[in-house]
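**Q** Sharing my_file33.cif here; it has mmCIF, C-alpha atoms.
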```
data_structure
#
loop_
_atom_site.label_atom_id
_atom_site.label_comp_id
_atom_site.auth_asym_id
_atom_site.auth_seq_id
_atom_site.Cartn_x
_atom_site.Cartn_y
_atom_site.Cartn_z
CA ASP A 73 51.25 -13.93 26.36
CA ALA A 74 51.25 -12.07 29.69
CA GLY A 75 49.87 -8.89 28.22
CA VAL A 76 51.15 -5.39 28.92
CA ILE A 77 52.82 -5.29 32.32
CA GLN A 78 53.03 -2.11 34.36
CA SER A 79 54.75 -1.43 37.64
CA PRO A 80 54.19 -0.31 40.27
CA ARG A 81 50.42 -0.81 40.48
CA HIS A 82 50.18 1.76 43.26
CA GLU A 83 52.55 4.51 44.29
CA VAL A 84 52.13 7.06 47.04
CA THR A 85 54.76 9.75 47.23
CA GLU A 86 55.30 13.23 48.55
CA MET A 87 55.39 16.37 46.50
CA GLY A 88 58.82 17.02 45.06
CA GLN A 89 59.85 13.38 44.86
CA GLU A 90 60.82 11.65 41.64
CA VAL A 91 58.42 9.03 40.31
CA THR A 92 59.27 6.38 37.73
CA LEU A 93 56.58 4.25 36.12
CA ARG A 94 57.53 1.20 34.10
CA CYS A 95 55.97 -0.67 31.21
CA LYS A 96 56.69 -3.89 29.37
CA PRO A 97 54.69 -4.06 26.13
CA ILE A 98 53.48 -7.20 24.43
CA SER A 99 56.31 -8.90 22.59
CA GLY A 100 56.29 -8.03 18.89
CA HIS A 101 54.23 -4.88 19.25
CA ASP A 102 55.80 -1.89 17.56
CA TYR A 103 53.73 0.91 19.09
CA LEU A 104 53.71 1.95 22.75
CA PHE A 105 51.45 4.59 24.25
CA TRP A 106 51.33 6.33 27.63
CA TYR A 107 47.92 7.63 28.75
CA ARG A 108 46.83 9.40 31.92
CA GLN A 109 43.32 9.04 33.36
CA THR A 110 41.68 11.42 35.81
CA MET A 111 38.07 12.10 36.70
CA MET A 112 38.34 15.69 35.53
CA ARG A 113 40.17 15.20 32.23
CA GLY A 114 39.39 11.62 31.28
CA LEU A 115 41.97 9.69 29.26
CA GLU A 116 44.74 11.83 27.85
CA LEU A 117 47.46 10.63 25.51
CA LEU A 118 50.82 11.76 26.84
CA ILE A 119 53.27 10.30 24.35
CA TYR A 120 53.66 7.44 21.94
CA PHE A 121 56.55 5.53 20.41
CA ASN A 122 56.96 3.61 17.18
CA ASN A 123 59.84 1.15 17.04
CA ASN A 124 61.27 2.73 20.22
CA VAL A 125 61.29 6.24 18.71
CA PRO A 126 59.08 8.96 20.25
CA ILE A 127 56.62 10.08 17.58
CA ASP A 128 54.35 12.53 19.35
CA ASP A 129 54.95 13.97 22.81
CA SER A 130 52.57 16.90 22.46
CA GLY A 131 50.45 15.55 25.31
CA MET A 132 53.25 15.65 27.87
CA PRO A 133 52.06 18.30 30.34
CA GLU A 134 55.36 20.00 31.03
CA ASP A 135 59.09 19.53 31.35
CA ARG A 136 58.67 17.66 34.60
CA PHE A 137 57.50 14.70 32.54
CA SER A 138 59.83 12.58 30.45
CA ALA A 139 59.49 9.19 28.75
CA LYS A 140 62.02 6.81 27.32
CA MET A 141 61.97 3.55 25.44
CA PRO A 142 65.52 2.18 25.47
CA ASN A 143 64.48 -1.08 23.78
CA ALA A 144 61.45 -2.84 22.35
CA SER A 145 60.52 -4.47 25.65
CA PHE A 146 60.73 -1.61 28.13
CA SER A 147 59.55 1.95 28.61
CA THR A 148 59.58 4.40 31.50
CA LEU A 149 57.59 7.50 32.34
CA LYS A 150 59.32 9.76 34.82
CA ILE A 151 57.96 12.72 36.76
CA GLN A 152 60.49 14.94 38.46
CA PRO A 153 59.58 16.73 40.65
CA SER A 154 56.10 15.36 41.29
CA GLU A 155 53.16 17.58 42.27
CA PRO A 156 49.75 16.77 43.77
CA ARG A 157 48.06 17.57 40.44
CA ASP A 158 49.98 14.67 38.89
CA SER A 159 47.83 12.25 40.90
CA ALA A 160 46.14 9.99 38.36
CA VAL A 161 46.13 6.51 36.90
CA TYR A 162 48.80 6.13 34.25
CA PHE A 163 48.22 3.51 31.56
CA CYS A 164 50.63 1.99 29.14
CA ALA A 165 49.27 0.38 25.98
CA SER A 166 50.83 -1.34 23.00
CA SER A 167 49.72 -2.28 19.52
CA HIS A 168 50.93 -3.93 16.34
CA LEU A 169 50.18 -1.98 13.22
CA ALA A 170 50.49 -5.00 10.99
CA LEU A 171 47.35 -6.46 12.57
CA ASP A 172 45.47 -3.64 10.83
CA THR A 173 42.95 -3.59 13.62
CA GLY A 174 44.26 -0.54 15.43
CA GLU A 175 43.46 -2.28 18.69
CA LEU A 176 45.33 -1.10 21.77
CA PHE A 177 46.21 -3.55 24.51
CA PHE A 178 46.26 -1.83 27.88
CA GLY A 179 48.08 -2.65 31.07
CA GLU A 180 46.29 -2.55 34.40
CA GLY A 181 47.63 0.92 35.15
CA SER A 182 49.76 2.57 37.80
CA ARG A 183 47.75 4.58 40.33
CA LEU A 184 49.85 7.53 41.49
CA THR A 185 49.03 9.61 44.54
CA VAL A 186 51.18 12.65 45.24
CA LEU A 187 50.64 14.11 48.72
CA SER B 117 41.22 17.82 24.08
CA GLN B 118 38.57 15.13 24.06
CA GLN B 119 37.74 14.01 20.55
CA GLY B 120 34.69 12.03 21.59
CA GLU B 121 31.84 12.82 23.89
CA GLU B 122 29.72 9.97 25.14
CA ASP B 123 26.06 10.22 25.99
CA PRO B 124 24.68 9.49 28.50
CA GLN B 125 27.38 9.92 31.14
CA ALA B 126 25.69 7.26 33.25
CA LEU B 127 23.10 4.60 32.51
CA SER B 128 21.36 2.21 34.87
CA ILE B 129 19.27 -0.66 33.53
CA GLN B 130 17.86 -4.02 34.59
CA GLU B 131 19.44 -7.29 33.55
CA GLY B 132 18.02 -8.47 30.26
CA GLU B 133 17.37 -4.97 28.93
CA ASN B 134 19.29 -3.40 26.08
CA ALA B 135 21.81 -0.61 26.68
CA THR B 136 22.55 2.06 24.10
CA MET B 137 25.46 4.46 24.34
CA ASN B 138 26.24 7.26 21.92
CA CYS B 139 29.47 8.93 20.92
CA SER B 140 30.03 12.14 19.00
CA TYR B 141 33.35 13.26 17.59
CA LYS B 142 34.70 16.32 15.85
CA THR B 143 37.12 15.49 13.03
CA SER B 144 37.29 13.07 10.12
CA ILE B 145 38.34 9.60 11.19
CA ASN B 146 39.92 6.43 9.85
CA ASN B 147 38.10 4.24 12.33
CA LEU B 148 36.23 4.34 15.61
CA GLN B 149 36.67 1.83 18.40
CA TRP B 150 34.81 0.99 21.57
CA TYR B 151 36.54 -0.06 24.77
CA ARG B 152 35.31 -1.31 28.10
CA GLN B 153 36.86 -0.59 31.50
CA ASN B 154 35.95 -2.44 34.65
CA SER B 155 36.51 -0.56 37.88
CA GLY B 156 40.20 -0.40 38.76
CA ARG B 157 41.28 -2.18 35.58
CA GLY B 158 42.75 -1.34 32.22
CA LEU B 159 40.71 -0.80 29.08
CA VAL B 160 39.75 -3.72 26.89
CA HIS B 161 39.01 -3.45 23.19
CA LEU B 162 35.49 -4.45 22.17
CA ILE B 163 34.98 -3.63 18.52
CA LEU B 164 36.31 -1.47 15.68
CA ILE B 165 34.30 0.07 12.86
CA ARG B 166 35.98 1.66 9.86
CA SER B 167 34.93 4.96 8.33
CA ASN B 168 33.49 3.20 5.25
CA GLU B 169 31.32 0.88 7.36
CA ARG B 170 27.90 1.73 8.74
CA GLU B 171 27.17 -1.15 11.08
CA LYS B 172 29.06 -3.98 12.71
CA HIS B 173 28.11 -6.83 15.02
CA SER B 174 30.06 -8.88 17.51
CA GLY B 175 28.13 -11.24 19.75
CA ARG B 176 25.71 -9.11 21.79
CA LEU B 177 27.33 -5.90 20.56
CA ARG B 178 26.10 -3.79 17.68
CA VAL B 179 27.92 -0.67 16.59
CA THR B 180 26.73 1.92 14.10
CA LEU B 181 28.65 4.77 12.54
CA ASP B 182 27.26 7.86 10.85
CA THR B 183 30.16 9.85 9.46
CA SER B 184 27.88 12.60 8.16
CA LYS B 185 26.77 13.28 11.73
CA LYS B 186 30.13 12.35 13.24
CA SER B 187 28.47 9.97 15.64
CA SER B 188 28.47 6.33 16.67
CA SER B 189 26.34 4.17 18.90
CA LEU B 190 27.05 1.01 20.85
CA LEU B 191 24.16 -1.30 21.62
CA ILE B 192 24.53 -4.11 24.13
CA THR B 193 21.62 -6.51 23.87
CA ALA B 194 20.28 -8.71 26.68
CA SER B 195 22.55 -7.06 29.22
CA ARG B 196 24.01 -8.96 32.15
CA ALA B 197 25.27 -7.82 35.54
CA ALA B 198 28.78 -8.61 34.28
CA ASP B 199 28.38 -5.87 31.64
CA THR B 200 28.60 -3.28 34.43
CA ALA B 201 31.58 -1.13 33.44
CA SER B 202 32.55 2.14 31.78
CA TYR B 203 32.45 2.24 28.00
CA PHE B 204 34.60 4.54 25.90
CA CYS B 205 34.66 5.38 22.24
CA ALA B 206 38.03 6.16 20.69
CA THR B 207 38.80 7.69 17.33
CA ASP B 208 41.74 7.29 15.03
CA ALA B 209 41.69 10.68 13.37
CA TRP B 210 42.49 11.05 9.68
CA GLY B 211 46.10 12.17 9.51
CA GLY B 212 46.39 11.69 13.26
CA GLY B 213 49.35 9.39 13.09
CA ASN B 214 47.94 6.10 14.36
CA LYS B 215 46.99 7.39 17.81
CA LEU B 216 43.64 7.02 19.53
CA THR B 217 41.76 9.82 21.24
CA PHE B 218 39.27 8.67 23.84
CA GLY B 219 35.89 10.07 24.74
CA THR B 220 34.57 10.85 28.18
CA GLY B 221 32.91 7.49 28.74
CA THR B 222 29.52 6.12 29.78
CA GLN B 223 29.19 4.39 33.13
CA LEU B 224 26.81 1.47 32.71
CA LYS B 225 25.27 -0.28 35.68
CA VAL B 226 23.26 -3.43 35.09
CA GLU B 227 21.18 -4.42 38.09
CA LEU B 228 19.83 -7.85 38.88
#
```
How does the structure come out when it is put into structure tokens?

**A**
Amino acid sequence: DAGVIQSPRHEVTEMGQEVTLRCKPISGHDYLFWYRQTMMRGLELLIYFNNNVPIDDSGMPEDRFSAKMPNASFSTLKIQPSEPRDSAVYFCASSHLALDTGELFFGEGSRLTVL
Amino acid sequence: SQQGEEDPQALSIQEGENATMNCSYKTSINNLQWYRQNSGRGLVHLILIRSNEREKHSGRLRVTLDTSKKSSSLLITASRAADTASYFCATDAWGGGNKLTFGTGTQLKVEL
């Protein structure tokens, strides 16, 4: 299996632009998580899905952030408009509850820089 | 908010020595996990310990859990330069809905 695949790996954009981050979870996994990592705040859970349905979006910072999971093999995290404080590494992770291990499989992350 | 706080924030040791990292958390948990993150990479799962377990081993890793003190420790024995990474504890809170909350991490450097 290729693991969790995220794109782009790096994105540099200007304030006010729209940013879309993409994630392909591991096939057969029924949970998908979006995390954000910064030096100041560490790893923060933004939102997670179960069977493509958003379960908890309480970590989404504000209305500028939105996430979708149109099918079991694809999810997007969109920021519109972007701001410099959104600069961070965004991780997607997936898991399979039936494994009963609770283990999350992480992608390599998307490093976002907003100028 | 951060559920877990790791201690120390940074640790530097010589190859062959043991490394011990501690994690404290605030609420009741179902399980606690440890992850490793190499610089510029995603996190990788190391080991999981359930709330009814007190100690668990996996290769050179030993994890303990004290639910009365809401704390856990990760011991890496006979460390190697390749163990250089950041280590995070993560908790699956009781009633938390199958989501993990990560601690602040310990940066471990193993020198030759």

**Q** Which residue, B:Ala126, B:Cys139, B:Leu224, B:Leu164, has the smallest gap to chain A when you use all atoms listed in the file?

**A**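 Closest to chain A, using all atoms listed in the file: B:Leu164.
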
**Q** For each of A:Arg136, A:Arg113, A:His101, A:Arg157, take the minimum atom-to-atom distance to chain B, counting only C-alpha atoms, then give the residue where this is smallest.

**A**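 Closest candidate: A:Arg113.
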
**Q** Between B:Thr183, B:Thr217, B:Asn168, B:Ser189, which residue has the minimum interatomic distance to Gly131 in chain A, considering all atoms listed in the file?

**A**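 Between B:Thr183, B:Thr217, B:Asn168, B:Ser189, the residue approaching Gly131 in chain A most closely is B:Thr217.
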
**Q** Find the residues of chain A in contact range of chain B, meaning any atom within 7 Å when counting only C-alpha atoms, and list them as a list of chain:residue names.

**A**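 Applying the cut-off to the listed atoms yields A:Gly114, A:Leu115, A:Glu175, A:Leu176, A:Phe177, A:Phe178, A:Gly179, A:Glu180, A:Gly181.
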
**Q** Please compute the CA of Tyr103 in chain A-CA of Arg81 in chain A distance, one decimal, in Å.

**A**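 Going from CA of Tyr103 in chain A over to CA of Arg81 in chain A covers 21.7 Å.
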
**Q** Using CA of Arg176 in chain B and CA of Arg152 in chain B as the two end points, give the distance in Å to one decimal.

**A**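 Taking CA of Arg176 in chain B as the start and CA of Arg152 in chain B as the end point, the length is 13.9 Å.
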
**Q** I need the residue nearest Arg196 in chain B from this list: B:Ser144, B:Thr136, B:Arg178, B:Lys225. Use only C-alpha atoms for the distance.

**A** B:Lys225

**Q** If I wrap all listed atoms of range 141-147 of chain A in a box with edges along x, y and z and add 8 Å on each side, what are its centre and edge lengths in Å to one decimal, as AutoDock Vina command-line options?

**A**
```
--center_x 62.5 --center_y -0.5 --center_z 25.5 --size_x 22.0 --size_y 24.0 --size_z 22.3
```

**Q** Using CA of Leu177 in chain B and CA of Leu191 in chain B as the two end points, give the distance in Å to one decimal.

**A**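 Calculated distance between CA of Leu177 in chain B and CA of Leu191 in chain B is 5.7 Å.
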
**Q** Residues within 7 Å of Ile145 in chain B, please, as a PyMOL selection string. Count only C-alpha atoms; anything in the same chain fewer than 5 positions from it doesn't count.

**A** chain B and resi 167+207-210

**Q** Pick out the closest residue to Leu187 in chain A from this set: A:Glu86, A:Asp129, A:Asp158, A:Glu134. Count all atoms listed in the file.

**A** A:Glu86

**Q** Could you list the residues chosen by the PyMOL selection byres ((chain A and resi 137) around 10) in this structure as a ChimeraX atom specification?

**A** /A:91-92,118,132-136,138-139,149-154,158

**Q** Mind writing the picked residues with C-alpha atoms as a PDB file, in the frame of the given file?

**A**
```pdb
ATOM      1  CA  VAL A  91      58.420   9.030  40.310  1.00  0.00           C
ATOM      2  CA  THR A  92      59.270   6.380  37.730  1.00  0.00           C
ATOM      3  CA  LEU A 118      50.820  11.760  26.840  1.00  0.00           C
ATOM      4  CA  MET A 132      53.250  15.650  27.870  1.00  0.00           C
ATOM      5  CA  PRO A 133      52.060  18.300  30.340  1.00  0.00           C
ATOM      6  CA  GLU A 134      55.360  20.000  31.030  1.00  0.00           C
ATOM      7  CA  ASP A 135      59.090  19.530  31.350  1.00  0.00           C
ATOM      8  CA  ARG A 136      58.670  17.660  34.600  1.00  0.00           C
ATOM      9  CA  SER A 138      59.830  12.580  30.450  1.00  0.00           C
ATOM     10  CA  ALA A 139      59.490   9.190  28.750  1.00  0.00           C
ATOM     11  CA  LEU A 149      57.590   7.500  32.340  1.00  0.00           C
ATOM     12  CA  LYS A 150      59.320   9.760  34.820  1.00  0.00           C
ATOM     13  CA  ILE A 151      57.960  12.720  36.760  1.00  0.00           C
ATOM     14  CA  GLN A 152      60.490  14.940  38.460  1.00  0.00           C
ATOM     15  CA  PRO A 153      59.580  16.730  40.650  1.00  0.00           C
ATOM     16  CA  SER A 154      56.100  15.360  41.290  1.00  0.00           C
ATOM     17  CA  ASP A 158      49.980  14.670  38.890  1.00  0.00           C
TER      18      ASP A 158
END
```

**Q** Which one of A:Gly75, A:Pro156, A:Pro80, A:Leu169 sits closest to Lys96 in chain A if you count only C-alpha atoms?

**A**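 Of the candidates, the smallest distance to Lys96 in chain A is held by A:Gly75.
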
**Q** Going by the chain IDs and residue numbers used in this file, which residues fall under the PyMOL selection byres ((chain A and resi 161) around 8)? Write them as JSON, numbers by chain.

**A** {"A": [108, 109, 110, 159, 160, 162, 163, 181, 182, 183, 184]}

**Q** How would the residues just picked look written out with C-alpha atoms as a compact mmCIF listing (two decimals), keeping the file's coordinate frame?

**A**
```txt
# COMPACT_ATOMS: atom_id res chain seq x y z
CA ARG A 108 46.83 9.40 31.92
CA GLN A 109 43.32 9.04 33.36
CA THR A 110 41.68 11.42 35.81
CA SER A 159 47.83 12.25 40.90
CA ALA A 160 46.14 9.99 38.36
CA TYR A 162 48.80 6.13 34.25
CA PHE A 163 48.22 3.51 31.56
CA GLY A 181 47.63 0.92 35.15
CA SER A 182 49.76 2.57 37.80
CA ARG A 183 47.75 4.58 40.33
CA LEU A 184 49.85 7.53 41.49
```

**Q** I'd like the residues picked by the PyMOL selection byres ((chain A and resi 100) around 9) written out as a list in words, using the chain letters and numbers from the file.

**A**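 With the PyMOL selection byres ((chain A and resi 100) around 9) on this model, the match is Pro97, Ile98, Ser99, His101, Asp102, Ala144, Ser145, Ser167 and His168 of chain A.
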